[in-house]
Every structure is written in structure tokens, then in C-alpha cells.
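Note: the block below is start.cif and it holds mmCIF, C-alpha atoms.
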data_target
loop_
_atom_site.label_atom_id
_atom_site.label_comp_id
_atom_site.auth_asym_id
_atom_site.auth_seq_id
_atom_site.Cartn_x
_atom_site.Cartn_y
_atom_site.Cartn_z
CA MET A 1 -21.78 -35.45 -2.46
CA PRO A 2 -21.14 -31.89 -1.26
CA ASN A 3 -19.86 -29.41 -3.86
CA LYS A 4 -18.78 -26.79 -1.35
CA PRO A 5 -15.22 -26.60 -0.05
CA ARG A 6 -14.88 -27.94 3.47
CA GLN A 7 -15.31 -25.43 6.23
CA PRO A 8 -12.71 -25.49 9.00
CA ASP A 9 -13.73 -26.13 12.57
CA PRO A 10 -14.62 -22.57 13.65
CA ILE A 11 -13.89 -23.25 17.32
CA GLY A 12 -10.46 -24.72 16.54
CA VAL A 13 -9.61 -21.82 14.21
CA ALA A 14 -10.67 -19.23 16.81
CA LYS A 15 -8.73 -21.01 19.55
CA ARG A 16 -5.50 -21.16 17.48
CA LYS A 17 -5.80 -17.51 16.43
CA SER A 18 -6.49 -16.40 19.99
CA THR A 19 -3.56 -18.40 21.37
CA SER A 20 -1.11 -17.08 18.77
CA ALA A 21 -2.37 -13.51 19.20
CA ARG A 22 -1.83 -13.72 22.99
CA ARG A 23 1.74 -14.95 22.42
CA VAL A 24 2.68 -11.80 20.49
CA ALA A 25 0.18 -9.26 21.88
CA LYS A 26 -2.73 -8.44 19.60
CA GLY A 27 -2.25 -5.52 17.23
CA ARG A 28 1.55 -5.59 17.21
CA SER A 29 3.59 -6.06 14.07
CA CYS A 30 7.09 -6.44 12.70
CA SER A 31 8.83 -3.37 11.32
CA CYS A 32 8.10 -4.72 7.79
CA GLY A 33 4.37 -4.53 8.52
CA GLU A 34 3.77 -8.26 9.03
CA ASN A 35 1.06 -8.58 11.66
CA ARG A 36 -0.19 -12.17 11.38
CA PRO A 37 0.47 -13.65 14.82
CA LEU A 38 1.53 -17.05 13.43
CA ALA A 39 4.26 -15.36 11.34
CA LEU A 40 5.62 -13.36 14.29
CA ILE A 41 8.21 -14.76 16.67
CA PRO A 42 6.83 -14.77 20.22
CA GLY A 43 9.08 -13.11 22.80
CA SER A 44 11.29 -11.35 20.26
CA THR A 45 12.33 -7.81 21.19
CA PRO A 46 11.64 -5.88 19.13
CA LEU A 47 8.86 -8.04 17.72
CA ILE A 48 10.01 -9.58 14.44
CA CYS A 49 8.55 -11.91 11.82
CA THR A 50 10.18 -15.13 10.70
CA GLU A 51 11.28 -13.74 7.33
CA CYS A 52 12.90 -10.59 8.78
CA SER A 53 14.64 -12.67 11.43
CA ARG A 54 16.07 -14.92 8.73
CA LYS A 55 17.13 -11.94 6.61
CA GLU A 56 19.04 -10.52 9.60
CA LYS A 57 20.84 -13.86 9.93
CA ASP A 58 21.42 -14.06 6.15
CA GLN A 59 19.27 -17.21 5.98
CA CYS A 60 16.79 -18.37 3.37
CA ILE A 61 13.32 -16.83 3.78
CA PHE A 62 11.63 -19.88 2.22
CA ASP A 63 10.44 -22.99 4.03
CA LYS A 64 10.05 -26.42 2.50
CA HIS A 65 6.32 -27.03 2.89
CA HIS A 66 5.08 -30.62 2.89
CA PRO A 67 1.61 -30.22 1.28
CA ALA A 68 0.49 -33.71 2.33
CA GLY A 69 2.18 -33.49 5.71
CA ARG A 70 5.62 -34.85 6.54
CA ASN A 71 4.19 -38.20 7.69
CA ASN A 72 2.37 -38.79 4.40
CA HIS A 73 4.72 -37.70 1.63
CA SER A 74 8.26 -36.36 1.25
CA PHE A 75 7.35 -33.90 -1.54
CA THR A 76 7.98 -30.25 -0.62
CA VAL A 77 7.18 -26.85 -2.12
CA PRO A 78 9.19 -23.70 -1.37
CA ILE A 79 6.91 -21.21 0.39
CA LEU A 80 7.76 -17.88 2.00
CA ALA A 81 8.27 -18.61 5.70
CA ASN A 82 5.61 -16.18 6.94
CA ASP A 83 2.99 -17.63 4.57
CA HIS A 84 4.06 -21.16 5.45
CA ARG A 85 3.44 -20.52 9.12
CA ALA A 86 0.39 -18.27 8.88
CA ILE A 87 -1.47 -19.94 6.00
CA LEU A 88 -0.45 -23.42 4.90
CA SER A 89 0.65 -25.00 8.18
CA ASP A 90 -2.38 -23.43 9.82
CA ALA A 91 -4.63 -24.91 7.10
CA GLN A 92 -3.28 -28.37 7.95
CA GLN A 93 -4.48 -27.86 11.51
CA ASN A 94 -8.03 -28.02 10.11
CA TRP A 95 -7.45 -31.56 8.84
CA PRO A 96 -8.43 -34.56 10.94
CA GLN A 97 -5.49 -35.24 13.25
CA SER A 98 -5.55 -38.88 12.17
CA THR A 99 -4.84 -37.73 8.60
CA ILE A 100 -1.97 -35.36 9.39
CA ARG A 101 -0.39 -37.90 11.77
CA ASN A 102 -1.21 -41.12 9.84
CA SER A 103 0.41 -43.14 12.62
CA LYS A 104 -0.63 -46.47 11.06
CA ARG A 105 0.83 -45.40 7.66
CA SER A 106 -2.45 -46.16 5.86
CA PRO A 107 -2.13 -45.72 2.08
CA LEU A 108 -5.72 -44.43 1.91
CA ILE A 109 -5.02 -41.77 4.53
CA ARG A 110 -1.84 -40.87 2.61
CA ILE A 111 -3.94 -40.35 -0.53
CA ALA A 112 -6.46 -38.27 1.44
CA ALA A 113 -3.59 -36.11 2.76
CA CYS A 114 -2.24 -35.61 -0.77
CA VAL A 115 -5.65 -34.42 -1.98
CA ARG A 116 -6.14 -32.13 1.02
CA GLY A 117 -2.60 -30.75 0.63
CA ALA A 118 -3.01 -30.18 -3.10
CA TYR A 119 -6.30 -28.36 -2.47
CA ASP A 120 -4.81 -26.07 0.22
CA THR A 121 -1.70 -25.35 -1.87
CA ILE A 122 -3.70 -24.60 -5.03
CA ILE A 123 -5.96 -22.20 -3.10
CA TYR A 124 -2.84 -20.51 -1.68
CA PHE A 125 -1.30 -20.02 -5.12
CA LEU A 126 -4.61 -18.87 -6.65
CA ASN A 127 -4.80 -16.18 -3.98
CA LYS A 128 -1.21 -15.15 -4.75
CA ILE A 129 -2.02 -14.98 -8.47
CA ARG A 130 -5.13 -12.90 -7.69
CA ASP A 131 -2.94 -10.47 -5.74
CA VAL A 132 -0.48 -10.22 -8.64
CA LEU A 133 -3.26 -9.67 -11.18
CA ASN A 134 -4.91 -7.06 -8.97
CA ASN A 135 -1.65 -5.14 -8.70
CA LEU A 136 -0.51 -5.54 -12.30
CA LEU A 137 -3.76 -5.36 -14.25
CA LEU A 138 -6.77 -4.13 -12.30
CA TRP A 139 -5.60 -0.52 -12.26
CA ILE A 140 -5.88 -0.43 -16.07
CA PRO A 141 -9.68 -0.80 -16.44
CA GLU A 142 -10.18 1.47 -13.42
CA THR A 143 -8.00 4.13 -15.07
CA LEU A 144 -9.77 3.74 -18.43
CA GLU A 145 -13.16 4.14 -16.73
CA LYS A 146 -11.99 7.30 -14.95
CA LEU A 147 -10.54 8.63 -18.20
CA ASP A 148 -13.84 7.98 -19.99
CA LYS A 149 -15.73 9.97 -17.34
CA PHE A 150 -13.17 12.78 -17.62
CA LEU A 151 -13.44 12.90 -21.41
CA GLU A 152 -17.23 12.76 -21.27
CA LEU A 153 -17.27 15.65 -18.81
CA HIS A 154 -14.94 17.80 -20.94
CA LEU A 155 -15.78 16.69 -24.49
CA GLY A 156 -19.36 15.42 -24.33
CA SER A 157 -21.22 12.15 -23.92
CA GLN A 158 -19.94 10.70 -27.22
CA TRP A 159 -16.44 12.19 -27.07
CA TRP A 160 -14.98 9.43 -29.22
CA THR A 161 -16.94 10.56 -32.30
CA ARG A 162 -14.85 13.74 -32.36
CA PHE A 163 -11.64 11.78 -32.90
CA ASP A 164 -10.52 9.07 -35.30
CA PHE A 165 -8.24 7.15 -32.96
CA LEU A 166 -10.68 4.48 -31.78
CA ASN A 167 -13.50 3.07 -33.79
CA PHE A 168 -14.44 -0.22 -32.23
CA ASN A 169 -17.55 -0.68 -34.36
CA ASP A 170 -15.56 -0.63 -37.63
CA GLN A 171 -12.91 -2.95 -36.18
CA GLU A 172 -15.53 -5.45 -35.02
CA THR A 173 -17.29 -5.30 -38.41
CA GLU A 174 -14.07 -5.90 -40.34
CA HIS A 175 -13.13 -8.74 -38.00
CA ASP A 176 -16.58 -10.34 -38.17
CA ASN A 177 -16.58 -10.29 -42.00
CA ALA A 178 -13.15 -11.91 -42.28
#

File written out as C-alpha cells:
Amino acid sequence: MPNKPRQPDPIGVAKRKSTSARRVAKGRSCSCGENRPLALIPGSTPLICTECSRKEKDQCIFDKHHPAGRNNHSFTVPILANDHRAILSDAQQNWPQSTIRNSKRSPLIRIAACVRGAYDTIIYFLNKIRDVLNNLLLWIPETLEKLDKFLELHLGSQWWTRFDFLNFNDQETEHDNA
């Protein structure tokens, strides 16, 4: 059994990206900065993304995504419209067409669609969480590392011995003995 995540059909992915890029002219973007062709509305002047278009019309910017596909399960998840179009609906295009369509209503295909949909949706949310963590937390260790270099440059290679505000060795020792 393979342990690696499935790889999408590279030819199909390239074809869909090329087609959507031609519809909106490659390199163009919405005024908000959105530049993923699948999130942009072809033929709009000026070019606009789905979310900005909905904001202008005072509509909801979330779509109800069917992770298993509409033909397989009625369960939906609210997803930002641009991400729904550019990420999750596109991911479903990599599934076997017989699974997304399930024209015979096979319960086994329905189960397969639920697993595929759960996988794609979990990966989507993990990437969102990674973005949040990068923005909220990753700057902290980077700043501490820069501060350490600054203090070392100005106060010496063991700058912390000149101050009694941090003594990790004593704290670890006290904690270990408890």
C-alpha cells in the first residue's frame, strides 16, 4: 500500500490552469491582489474576484463546499469563495470522474468520495493554520535570534552572564529536581 499522498494528473492540472489563465489573461489580478485565475471572474471589467464581486453586491463571501461532492453527500463546509473555486473545487477535478459523478449512486464510491473530500479539506485547513501560525508566531523566534546576535555584538558572546534576568540552567535544574 502506498504511503504517499496521491499525485494529481499533471496534464489535467496544467490544462485546467492554462484554460483558466487564458480566460482572465495571465498576470492580471483583482484590485484586492487576488490573482488565482480560478478565483477571478472572466470577462469582468475591471477584472474582479468572486469575493470582491460579492462584497460589492452585499452578498456572503462564503460558499457551501460539498467535500464529498454534491452527488455523494449533502454535508457542506463554509469556505471563502475564492478558496472554494481556486483550491477545493479544483482539487475535486483530480478525482476520478466516476467518483465525483457517482451516477450509479454506489455506496462504496460515496465512501471513497467522503475520504477524498475529508483529505482535501483537512489539507486545506492545515495550510490555513500554517499561514496563521507563520503570521502570529514565527516572527517571535526570528526576532529573538536577531536580538541575541545584536546583544552578542554589543555585549559579548555570553552577554546573558552580565545580567540576572534569564538563567535557564538554574530554572531547568530546579524543575528537574522537583

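Interatomic distance, CA of Ile100 in chain A to CA of Ser53 in chain A: 28.2 Å.
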
| message | As an exercise, work out the distance from CA of Trp160 in chain A to CA of Asp148 in chain A in Å and give it to one decimal place. | response | 9.4 Å

| If I put a ball of radius 12 Å at (-5.4, -25.5, -1.5) in the file's coordinates, which residues poke into it when counting only C-alpha atoms, written as a list in words? | Pro5, Arg6, Pro67, Ala68, Ile87, Leu88, Ser89, Asp90, Ala91, Gln92, Ala113, Cys114, Val115, Arg116, Gly117, Ala118, Tyr119, Asp120, Thr121, Ile122, Ile123, Tyr124, Phe125, Leu126, Asn127 and Lys128 of chain A

Take the residues that were just selected and, keeping C-alpha atoms, output them as an mmCIF file, in the coordinates of the input.
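Saved file out.cif follows:
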data_model
loop_
_atom_site.group_PDB
_atom_site.id
_atom_site.type_symbol
_atom_site.label_atom_id
_atom_site.label_comp_id
_atom_site.auth_asym_id
_atom_site.auth_seq_id
_atom_site.Cartn_x
_atom_site.Cartn_y
_atom_site.Cartn_z
ATOM 1 C CA PRO A 5 -15.220 -26.600 -0.050
ATOM 2 C CA ARG A 6 -14.880 -27.940 3.470
ATOM 3 C CA PRO A 67 1.610 -30.220 1.280
ATOM 4 C CA ALA A 68 0.490 -33.710 2.330
ATOM 5 C CA ILE A 87 -1.470 -19.940 6.000
ATOM 6 C CA LEU A 88 -0.450 -23.420 4.900
ATOM 7 C CA SER A 89 0.650 -25.000 8.180
ATOM 8 C CA ASP A 90 -2.380 -23.430 9.820
ATOM 9 C CA ALA A 91 -4.630 -24.910 7.100
ATOM 10 C CA GLN A 92 -3.280 -28.370 7.950
ATOM 11 C CA ALA A 113 -3.590 -36.110 2.760
ATOM 12 C CA CYS A 114 -2.240 -35.610 -0.770
ATOM 13 C CA VAL A 115 -5.650 -34.420 -1.980
ATOM 14 C CA ARG A 116 -6.140 -32.130 1.020
ATOM 15 C CA GLY A 117 -2.600 -30.750 0.630
ATOM 16 C CA ALA A 118 -3.010 -30.180 -3.100
ATOM 17 C CA TYR A 119 -6.300 -28.360 -2.470
ATOM 18 C CA ASP A 120 -4.810 -26.070 0.220
ATOM 19 C CA THR A 121 -1.700 -25.350 -1.870
ATOM 20 C CA ILE A 122 -3.700 -24.600 -5.030
ATOM 21 C CA ILE A 123 -5.960 -22.200 -3.100
ATOM 22 C CA TYR A 124 -2.840 -20.510 -1.680
ATOM 23 C CA PHE A 125 -1.300 -20.020 -5.120
ATOM 24 C CA LEU A 126 -4.610 -18.870 -6.650
ATOM 25 C CA ASN A 127 -4.800 -16.180 -3.980
ATOM 26 C CA LYS A 128 -1.210 -15.150 -4.750
#

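Distances to Pro46 in chain A were evaluated for A:Pro96, A:Cys30, A:Val77, A:Asn135 using all atoms listed in the file, and the minimum falls at A:Cys30.
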
| message | When you look at Gln97 in chain A with a cut-off of 12 Å (counting only C-alpha atoms), what residues show up, excluding the ones that are within fewer than 4 positions of it in the same chain? I need them as a PyMOL selection string. | response | chain A and resi 69+71+92-93+101-103+109+113

Generate a file of the selected residues that holds C-alpha atoms, formatted as a short mmCIF file (atom, residue, chain, number, x, y, z; two decimals), keeping the file's coordinate frame.
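Contents of the output file result_35.cif:
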data_model
loop_
_atom_site.label_atom_id
_atom_site.label_comp_id
_atom_site.auth_asym_id
_atom_site.auth_seq_id
_atom_site.Cartn_x
_atom_site.Cartn_y
_atom_site.Cartn_z
CA GLY A 69 2.18 -33.49 5.71
CA ASN A 71 4.19 -38.20 7.69
CA GLN A 92 -3.28 -28.37 7.95
CA GLN A 93 -4.48 -27.86 11.51
CA ARG A 101 -0.39 -37.90 11.77
CA ASN A 102 -1.21 -41.12 9.84
CA SER A 103 0.41 -43.14 12.62
CA ILE A 109 -5.02 -41.77 4.53
CA ALA A 113 -3.59 -36.11 2.76
#

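Taken over the shown file, the PyMOL selection byres ((chain A and resi 85) around 10) identifies Arg36, Pro37, Leu38, Ala39, Leu40, Thr50, Asp63, His65, Ile79, Leu80, Ala81, Asn82, Asp83, His84, Ala86, Ile87, Leu88, Ser89, Asp90 and Ala91 of chain A.
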
Selection export as a compact mmCIF listing (two decimals), in the frame of the given file, atoms kept: C-alpha atoms:
# COMPACT_ATOMS: atom_id res chain seq x y z
CA ARG A 36 -0.19 -12.17 11.38
CA PRO A 37 0.47 -13.65 14.82
CA LEU A 38 1.53 -17.05 13.43
CA ALA A 39 4.26 -15.36 11.34
CA LEU A 40 5.62 -13.36 14.29
CA THR A 50 10.18 -15.13 10.70
CA ASP A 63 10.44 -22.99 4.03
CA HIS A 65 6.32 -27.03 2.89
CA ILE A 79 6.91 -21.21 0.39
CA LEU A 80 7.76 -17.88 2.00
CA ALA A 81 8.27 -18.61 5.70
CA ASN A 82 5.61 -16.18 6.94
CA ASP A 83 2.99 -17.63 4.57
CA HIS A 84 4.06 -21.16 5.45
CA ALA A 86 0.39 -18.27 8.88
CA ILE A 87 -1.47 -19.94 6.00
CA LEU A 88 -0.45 -23.42 4.90
CA SER A 89 0.65 -25.00 8.18
CA ASP A 90 -2.38 -23.43 9.82
CA ALA A 91 -4.63 -24.91 7.10

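For the atom pair formed by CA of Gln59 in chain A and CA of Pro78 in chain A, the distance is 14.1 Å, given to one decimal.
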
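For the set A:Cys52, A:Lys149, A:Asn72, A:Leu47, the residue with the smallest atom-to-atom gap to Ala112 in chain A is A:Asn72, counting only C-alpha atoms.
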
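Considering only C-alpha atoms, the residue among A:His66, A:Arg105, A:Ile41, A:Asp131 positioned nearest to Arg54 in chain A is A:Ile41.
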
Starting from 8 Å padding per side, set up an axis-aligned box that covers all listed atoms of range 133-142 of chain A and hand over centre and edge lengths in Å, one decimal, as lines of an AutoDock Vina configuration file.
center_x = -5.3
center_y = -4.1
center_z = -12.6
size_x = 25.7
size_y = 27.1
size_z = 23.7
